[in-house]
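K.L.:
Just structure-v6.txt, nothing more (compact mmCIF, C-alpha atoms):
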```txt
# COMPACT_ATOMS: atom_id res chain seq x y z
CA MET A 1 32.93 -54.64 43.72
CA VAL A 2 35.50 -54.65 46.48
CA ASN A 3 33.46 -57.03 48.64
CA LYS A 4 33.74 -59.84 46.08
CA PRO A 5 36.31 -62.44 47.18
CA HIS A 6 38.45 -62.25 44.01
CA ASP A 7 38.62 -58.43 44.15
CA LYS A 8 39.47 -58.45 47.84
CA LEU A 9 42.23 -61.01 47.28
CA PHE A 10 43.64 -58.99 44.37
CA LYS A 11 43.78 -55.81 46.45
CA GLU A 12 45.28 -57.61 49.43
CA VAL A 13 48.08 -59.02 47.26
CA MET A 14 48.84 -56.12 44.95
CA GLY A 15 48.40 -53.51 47.69
CA ASP A 16 51.63 -54.83 49.21
CA MET A 17 54.63 -52.84 47.97
CA GLU A 18 57.12 -55.72 47.88
CA THR A 19 54.66 -57.84 45.90
CA VAL A 20 54.13 -55.02 43.38
CA LYS A 21 57.90 -54.64 42.93
CA SER A 22 58.15 -58.39 42.38
CA PHE A 23 55.36 -58.34 39.80
CA ILE A 24 56.98 -55.46 37.91
CA GLN A 25 60.31 -57.25 37.88
CA HIS A 26 58.98 -60.59 36.65
CA TYR A 27 55.93 -59.81 34.51
CA LEU A 28 56.11 -56.39 32.89
CA PRO A 29 57.91 -56.17 29.53
CA PRO A 30 61.72 -55.99 30.06
CA LYS A 31 61.92 -52.81 27.97
CA ILE A 32 59.66 -51.14 30.56
CA VAL A 33 61.26 -52.72 33.63
CA ARG A 34 64.70 -51.33 32.77
CA LEU A 35 63.32 -47.77 32.84
CA ILE A 36 61.64 -48.00 36.25
CA ASP A 37 63.29 -47.17 39.55
CA PRO A 38 61.70 -49.86 41.80
CA GLU A 39 62.57 -47.96 44.99
CA SER A 40 60.46 -45.00 43.87
CA ILE A 41 57.15 -46.91 43.73
CA THR A 42 54.42 -45.31 45.81
CA ILE A 43 50.73 -46.19 45.94
CA GLU A 44 48.37 -43.34 45.09
CA THR A 45 45.65 -42.85 47.68
CA ASP A 46 44.19 -39.58 46.35
CA SER A 47 40.84 -39.78 44.62
CA TYR A 48 40.89 -39.33 40.86
CA ILE A 49 37.25 -40.29 40.39
CA GLU A 50 34.99 -37.73 38.80
CA LYS A 51 31.25 -37.61 39.41
CA ASP A 52 30.46 -39.16 36.05
CA LEU A 53 32.80 -42.06 36.90
CA SER A 54 31.45 -42.58 40.41
CA GLU A 55 30.16 -46.05 39.54
CA TYR A 56 33.74 -47.17 38.91
CA PHE A 57 36.88 -47.26 40.99
CA PHE A 58 40.54 -47.61 40.21
CA ASP A 59 41.64 -51.04 41.36
CA LEU A 60 45.18 -49.89 42.16
CA LEU A 61 47.23 -46.91 41.03
CA PHE A 62 50.97 -46.51 41.58
CA ARG A 63 53.43 -43.77 40.74
CA VAL A 64 56.98 -44.68 39.78
CA LYS A 65 60.03 -42.63 38.89
CA MET A 66 62.02 -43.21 35.73
CA GLN A 67 65.71 -43.90 36.30
CA GLN A 68 66.91 -41.67 33.51
CA GLU A 69 64.91 -38.52 34.19
CA GLU A 70 62.80 -36.65 36.72
CA ALA A 71 59.56 -37.96 35.27
CA TYR A 72 56.79 -40.09 36.67
CA VAL A 73 54.82 -42.95 35.19
CA TYR A 74 51.53 -44.14 36.62
CA LEU A 75 50.88 -47.87 36.80
CA LEU A 76 47.13 -48.43 36.62
CA PHE A 77 46.18 -51.98 37.66
CA GLU A 78 42.69 -53.12 36.67
CA HIS A 79 41.31 -56.52 37.69
CA LYS A 80 38.89 -58.55 35.56
CA SER A 81 37.34 -61.96 36.15
CA LYS A 82 35.49 -61.96 32.79
CA VAL A 83 36.42 -60.87 29.28
CA ASP A 84 35.50 -57.20 28.95
CA LYS A 85 35.61 -55.81 25.40
CA HIS A 86 34.94 -52.32 26.76
CA VAL A 87 37.90 -52.26 29.15
CA SER A 88 40.01 -50.00 26.89
CA LEU A 89 37.26 -47.36 27.00
CA GLN A 90 36.92 -47.75 30.76
CA LEU A 91 40.67 -47.37 31.23
CA LEU A 92 40.73 -44.29 29.00
CA GLY A 93 38.16 -42.70 31.31
CA TYR A 94 40.38 -43.43 34.30
CA MET A 95 43.43 -42.06 32.51
CA THR A 96 41.62 -38.84 31.57
CA SER A 97 40.60 -38.33 35.19
CA ILE A 98 44.20 -38.74 36.33
CA TRP A 99 45.49 -36.28 33.76
CA LYS A 100 42.85 -33.68 34.66
CA LYS A 101 43.97 -33.83 38.29
CA THR A 102 47.64 -33.23 37.35
CA VAL A 103 47.08 -30.22 35.06
CA PRO A 104 48.80 -27.70 34.61
CA GLN A 105 51.85 -29.95 35.02
CA PRO A 106 53.01 -31.87 31.93
CA LEU A 107 51.00 -35.05 31.53
CA SER A 108 52.54 -38.25 32.90
CA VAL A 109 52.68 -41.49 30.97
CA ILE A 110 50.15 -44.02 32.27
CA LEU A 111 50.79 -47.73 31.83
CA PRO A 112 47.52 -49.67 32.26
CA VAL A 113 47.82 -53.33 33.24
CA VAL A 114 44.76 -55.59 33.10
CA PHE A 115 44.90 -58.61 35.41
CA TYR A 116 42.64 -61.25 33.94
CA GLN A 117 41.80 -64.41 35.90
CA GLY A 118 38.94 -65.87 33.84
CA ARG A 119 39.00 -69.23 32.10
CA GLU A 120 37.98 -68.02 28.65
CA LYS A 121 40.68 -66.72 26.36
CA TRP A 122 40.92 -62.93 26.40
CA GLU A 123 39.98 -61.73 22.91
CA ALA A 124 39.32 -58.03 23.51
CA PRO A 125 41.75 -55.80 21.53
CA GLN A 126 44.62 -54.29 23.52
CA TRP A 127 44.97 -51.27 21.22
CA PHE A 128 42.28 -48.63 21.68
CA SER A 129 42.25 -47.80 17.95
CA ASN A 130 40.97 -51.32 17.23
CA ARG A 131 37.67 -50.31 18.82
CA PHE A 132 36.98 -48.20 15.71
CA SER A 133 35.41 -49.96 12.74
CA ASN A 134 37.70 -50.57 9.77
CA SER A 135 40.60 -48.79 11.48
CA ASP A 136 43.15 -50.81 9.47
CA SER A 137 41.68 -49.82 6.10
CA MET A 138 40.70 -46.29 7.12
CA ASP A 139 41.99 -43.38 5.05
CA GLY A 140 45.22 -41.96 6.47
CA ASP A 141 43.76 -38.49 6.91
CA LEU A 142 40.98 -39.87 9.13
CA LYS A 143 43.42 -41.89 11.24
CA ASP A 144 44.98 -38.61 12.41
CA TYR A 145 41.87 -38.08 14.52
CA ILE A 146 41.84 -41.43 16.27
CA PRO A 147 43.40 -41.43 19.77
CA ASP A 148 45.39 -44.53 20.59
CA TYR A 149 47.09 -46.36 23.44
CA LYS A 150 47.74 -49.94 24.50
CA TYR A 151 47.17 -51.74 27.78
CA GLU A 152 49.29 -54.65 29.00
CA LEU A 153 47.39 -57.91 29.51
CA PHE A 154 48.35 -60.35 32.25
CA GLU A 155 46.40 -63.61 31.86
CA ILE A 156 46.83 -65.53 35.09
CA SER A 157 45.00 -68.73 34.12
CA SER A 158 47.24 -69.29 31.09
CA LEU A 159 50.45 -69.29 33.17
CA ARG A 160 52.38 -72.53 33.19
CA GLU A 161 53.89 -73.87 36.42
CA GLU A 162 57.42 -72.77 35.49
CA GLU A 163 56.16 -69.26 34.76
CA VAL A 164 54.93 -68.69 38.32
CA LYS A 165 57.70 -66.52 39.77
CA GLY A 166 58.30 -63.75 42.26
CA ALA A 167 57.73 -63.03 45.93
CA LYS A 168 55.94 -65.61 48.09
CA ARG A 169 52.64 -63.71 48.27
CA LEU A 170 52.64 -63.21 44.52
CA ARG A 171 53.30 -66.91 43.85
CA ILE A 172 50.57 -67.98 46.27
CA TYR A 173 48.10 -65.60 44.62
CA LEU A 174 48.94 -66.78 41.10
CA ASP A 175 48.70 -70.47 42.03
CA VAL A 176 45.42 -69.95 43.89
CA ILE A 177 43.91 -68.29 40.80
CA ARG A 178 45.42 -70.85 38.39
CA MET A 179 43.82 -73.76 40.27
CA ARG A 180 40.38 -72.87 38.91
CA ALA A 181 41.56 -73.46 35.34
CA LEU A 182 43.44 -76.71 35.95
CA GLU A 183 42.07 -80.07 34.87
CA GLY A 184 42.82 -83.37 36.58
CA LYS A 185 42.99 -84.15 40.29
CA GLU A 186 46.74 -84.75 40.25
CA ALA A 187 47.52 -81.38 38.68
CA ILE A 188 45.27 -79.61 41.19
CA ARG A 189 46.82 -81.51 44.11
CA GLU A 190 50.34 -80.51 43.01
CA VAL A 191 49.39 -76.84 43.00
CA MET A 192 47.61 -77.18 46.35
CA LEU A 193 50.74 -78.73 47.85
CA ARG A 194 52.89 -75.90 46.50
CA VAL A 195 50.47 -73.33 47.92
CA THR A 196 50.48 -74.91 51.39
CA VAL A 197 54.28 -75.13 51.48
CA THR A 198 54.69 -71.50 50.39
CA ILE A 199 52.09 -70.34 52.94
CA SER A 200 53.98 -72.19 55.69
CA GLU A 201 57.10 -70.23 54.73
CA LEU A 202 55.43 -66.85 55.33
CA PRO A 203 56.52 -65.18 58.58
CA GLN A 204 53.61 -64.91 61.01
CA THR A 205 53.16 -61.16 60.79
CA GLU A 206 49.83 -59.37 61.10
CA ALA A 207 49.86 -58.55 57.37
CA ASN A 208 50.60 -62.16 56.39
CA GLU A 209 47.86 -63.50 58.66
CA ARG A 210 45.36 -61.11 57.06
CA PHE A 211 46.56 -62.24 53.63
CA PHE A 212 46.13 -65.89 54.69
CA GLN A 213 42.58 -65.22 55.86
CA VAL A 214 41.62 -63.48 52.60
CA CYS A 215 43.10 -66.41 50.63
CA ILE A 216 41.07 -68.95 52.61
CA ILE A 217 37.87 -66.94 52.16
CA TYR A 218 38.51 -66.84 48.40
CA LEU A 219 39.25 -70.58 48.24
CA PHE A 220 36.18 -71.46 50.32
CA ASP A 221 33.99 -69.45 47.94
CA THR A 222 35.51 -70.80 44.71
CA MET A 223 36.71 -74.38 45.35
CA GLU A 224 34.71 -77.58 45.33
CA ARG A 225 34.28 -78.79 48.91
CA GLU A 226 36.24 -81.97 48.13
CA TYR A 227 39.30 -79.96 47.11
CA PHE A 228 38.93 -77.51 49.98
CA GLN A 229 39.00 -80.40 52.44
CA GLN A 230 42.07 -81.85 50.72
CA LEU A 231 43.77 -78.48 50.98
CA SER A 232 42.97 -78.38 54.70
CA GLU A 233 44.52 -81.82 55.16
CA LEU A 234 47.62 -80.76 53.23
CA MET A 235 47.87 -77.61 55.35
CA LYS A 236 47.94 -79.77 58.46
CA THR A 237 51.09 -81.53 57.23
CA VAL A 238 53.04 -78.24 57.10
CA SER A 239 51.35 -76.11 59.79
CA GLU A 240 48.93 -77.41 62.42
CA GLU A 241 48.19 -73.85 63.54
CA ARG A 242 47.26 -72.56 60.09
CA SER A 243 45.20 -75.68 59.41
CA GLU A 244 43.15 -74.95 62.54
CA LYS A 245 42.72 -71.32 61.47
CA MET A 246 41.62 -72.50 58.05
CA GLN A 247 38.90 -74.70 59.60
CA THR A 248 37.81 -71.87 61.92
CA ILE A 249 37.39 -69.51 58.95
CA ALA A 250 35.50 -72.20 57.00
CA ASP A 251 33.14 -72.85 59.94
CA MET A 252 32.46 -69.13 60.27
CA LEU A 253 31.69 -68.82 56.55
CA ARG A 254 29.35 -71.82 56.68
CA GLN A 255 27.43 -70.28 59.59
CA GLU A 256 27.17 -66.97 57.74
CA GLY A 257 25.86 -68.84 54.69
CA ILE A 258 23.23 -70.63 56.78
CA LYS A 259 22.19 -67.35 58.42
CA LYS A 260 21.94 -65.59 55.07
CA GLY A 261 19.85 -68.45 53.67
CA ARG A 262 17.47 -68.19 56.59
CA GLU A 263 17.15 -64.42 56.15
CA GLU A 264 16.44 -64.79 52.44
CA GLY A 265 13.89 -67.50 53.25
CA ARG A 266 12.11 -65.15 55.66
CA GLU A 267 11.82 -62.47 52.98
CA GLU A 268 10.35 -64.99 50.52
CA LEU A 269 7.83 -66.25 53.07
CA LEU A 270 6.69 -62.75 54.05
CA TRP A 271 6.33 -61.75 50.40
CA LYS A 272 4.11 -64.78 49.75
CA GLN A 273 1.93 -63.72 52.67
CA ILE A 274 1.70 -60.16 51.32
CA ALA A 275 0.89 -61.34 47.79
CA LYS A 276 -1.83 -63.62 49.12
CA LYS A 277 -3.46 -60.87 51.16
CA PHE A 278 -2.96 -58.12 48.54
CA PRO A 279 -2.78 -59.85 45.09
CA LYS A 280 -2.14 -56.56 43.27
CA ALA A 281 0.78 -55.56 45.52
CA SER A 282 3.69 -54.08 43.57
CA GLN A 283 6.88 -56.11 43.09
CA LYS A 284 8.81 -53.11 44.42
CA TYR A 285 7.58 -54.05 47.91
CA PHE A 286 9.54 -57.28 47.66
CA GLU A 287 12.70 -55.32 46.81
CA ARG A 288 12.07 -53.17 49.86
CA LEU A 289 11.77 -56.28 52.05
CA LYS A 290 15.38 -57.16 51.20
CA SER A 291 16.62 -54.02 52.96
CA LEU A 292 14.83 -54.77 56.26
CA THR A 293 16.45 -56.34 59.30
CA ILE A 294 15.23 -59.64 60.79
CA GLU A 295 13.52 -57.68 63.60
CA GLN A 296 11.75 -55.41 61.08
CA LEU A 297 10.61 -58.43 59.01
CA ASP A 298 9.22 -60.12 62.12
CA SER A 299 7.42 -56.94 63.18
CA LEU A 300 5.92 -56.44 59.72
CA GLY A 301 4.75 -60.04 59.66
CA LEU A 302 2.78 -59.52 62.86
CA GLU A 303 1.28 -56.21 61.72
CA LEU A 304 0.33 -57.69 58.34
CA ILE A 305 -2.33 -59.80 60.08
CA ASP A 306 -4.39 -56.72 61.02
CA MET A 307 -3.85 -54.70 57.83
CA LYS A 308 -7.06 -53.84 56.01
CA ASN A 309 -5.72 -52.46 52.72
CA GLU A 310 -2.59 -51.94 50.65
CA GLU A 311 -2.25 -48.33 51.82
CA GLU A 312 -1.38 -49.57 55.30
CA LEU A 313 1.29 -51.83 53.78
CA LYS A 314 2.63 -48.92 51.77
CA LYS A 315 3.24 -46.88 54.94
CA HIS A 316 5.61 -49.60 56.17
CA LEU A 317 7.48 -50.29 52.95
CA MET A 318 7.74 -46.98 51.07
```
What's the structure tokens form of this structure?
P.N.:
Amino acid sequence: MVNKPHDKLFKEVMGDMETVKSFIQHYLPPKIVRLIDPESITIETDSYIEKDLSEYFFDLLFRVKMQQEEAYVYLLFEHKSKVDKHVSLQLLGYMTSIWKKTVPQPLSVILPVVFYQGREKWEAPQWFSNRFSNSDSMDGDLKDYIPDYKYELFEISSLREEEVKGAKRLRIYLDVIRMRALEGKEAIREVMLRVTVTISELPQTEANERFFQVCIIYLFDTMEREYFQQLSELMKTVSEERSEKMQTIADMLRQEGIKKGREEGREELLWKQIAKKFPKASQKYFERLKSLTIEQLDSLGLELIDMKNEEELKKHLM
């Protein structure tokens, strides 16, 4: 979902046109890069989602012009934090939706790129035909009926230090993700230092400050507190202002966490009271409690005292 820190960070980084151009230049296969006109890249904002795909969303979709001809290629960026063996099927659904929207024009080539930031090695097949059983030994006549395509895989955690290249935002993003897979305090500290230095080199524009905030939220949610504090201290050595902002964001997130914990505790307490008064109360009431505001929970708690039967409870929760 978009509200998850790693998805939000991914969209913040790769939604920036200069960062996308930098990624294409440094990380797509050279045979593809030489065909793309980087100045023609535009982000697609139109909806390609069909009703039967409404539970999904395209992470990012770009349209680029080929240098040699008046043709367009779509770059479909999909972000994964866990190994997903079904991703080729998911991507095919996206691709079909895009093609349906462009008919009756000739179909455009779509280049799917999966960004993978998990720690486990990605072992899902990149060729769609490998999803079929015994595709290698299948009779040639049957193979004619198997659709096929390949997606590009970009494994962030497996990048070595010397392989982290590109625009400043891109390098910060890649190092921030790589930190989760590093072992040893010294190795982590080296990457943290590089991140802080690169952040200090970003011009203080509105877009860069928003990017900085999203980075800090991601780091707060994913780093051990010891390392987060070290990062804050390193930030102070290169930018006092950004170090203060980092602490402000962290304090805000801590308060939100405390508030959320209190709210969840109130739901649990009220459910215990309901279960004690009405032992046969359905579990679905507890799910309903989670959607109530603090004021509604407090009000229900007071009214629960005078309730005579479960029907009265049902009127409040169903």
K.L.:
Determine the nearest neighbour of Arg131 of chain A from the options A:Lys245, A:Arg169, A:Lys8, A:His86, counting only C-alpha atoms.
P.N.:
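Among the listed residues, the smallest separation from Arg131 of chain A belongs to A:His86.
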K.L.:
Between A:Leu193, A:Leu60, A:Ala187, A:Leu75, which has the minimum distance to Val33 of chain A (counting all atoms listed in the file)?
P.N.:
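Between A:Leu193, A:Leu60, A:Ala187, A:Leu75, the residue approaching Val33 of chain A most closely is A:Leu75.
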K.L.:
Applying 8 Å and only C-alpha atoms, which residues near segment 246-252 of chain A remain after dropping the ones on its own chain fewer than 5 positions away? List them as a ChimeraX atom specification.
P.N.:
/A:213,216-217,220,232
K.L.:
Which value, in Å to one decimal, gives the distance between atom CA of Leu297 of chain A and atom CA of Leu313 of chain A?
P.N.:
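Here the two named atoms are 12.6 Å from each other.
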K.L.:
Check the smallest atom-to-atom distance from each of A:Lys284, A:Arg210, A:His79, A:Arg34 to Leu91 of chain A using all atoms listed in the file, then report the winner.
P.N.:
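Closest to Leu91 of chain A, using all atoms listed in the file: A:His79.
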K.L.:
Between atom CA of Phe228 of chain A and atom CA of Gln255 of chain A, what distance in Å does the model show, to one decimal?
P.N.:
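Here the two named atoms are 16.6 Å from each other.
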K.L.:
Can you pull out every residue within 12 Å of Asp175 of chain A, counting all atoms listed in the file, but drop anything in the same chain fewer than 3 positions away, and send it as a ChimeraX atom specification?
P.N.:
/A:117,156-166,168-172,178-182,187-199,215,219
K.L.:
What does the distance from atom CA of Phe128 of chain A to atom CA of Leu9 of chain A come to in Å, to one decimal?
P.N.:
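Separation of atom CA of Phe128 of chain A and atom CA of Leu9 of chain A: 28.4 Å.
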K.L.:
In the coordinate frame of the file, compute which residues have an atom within 12 Å of (8.4, -56.1, 61.2) when using all atoms listed in the file, and state them as a PyMOL selection string.
P.N.:
chain A and resi 266-267+270+289+291-305+313+316-317
K.L.:
Any idea what's packed within 7 Å of segment 38-43 of chain A, counting all atoms listed in the file, ignoring anything in its chain fewer than 4 positions away? Could you give it as a PyMOL selection string?
P.N.:
chain A and resi 21+61-65
K.L.:
Listed atoms of segment 100-113 of chain A, axis-aligned box, 8 Å per side: centre and edge lengths to one decimal in Å, as AutoDock Vina command-line options?
P.N.:
```
--center_x 47.9 --center_y -40.5 --center_z 34.6 --size_x 26.2 --size_y 41.6 --size_z 23.3
```
K.L.:
Residues at most 12 Å from Pro112 of chain A, counting all atoms listed in the file, excluding those fewer than 5 positions away in the same chain, as a ChimeraX atom specification?
P.N.:
/A:28,58-63,73-79,87-95,126-128,149-154
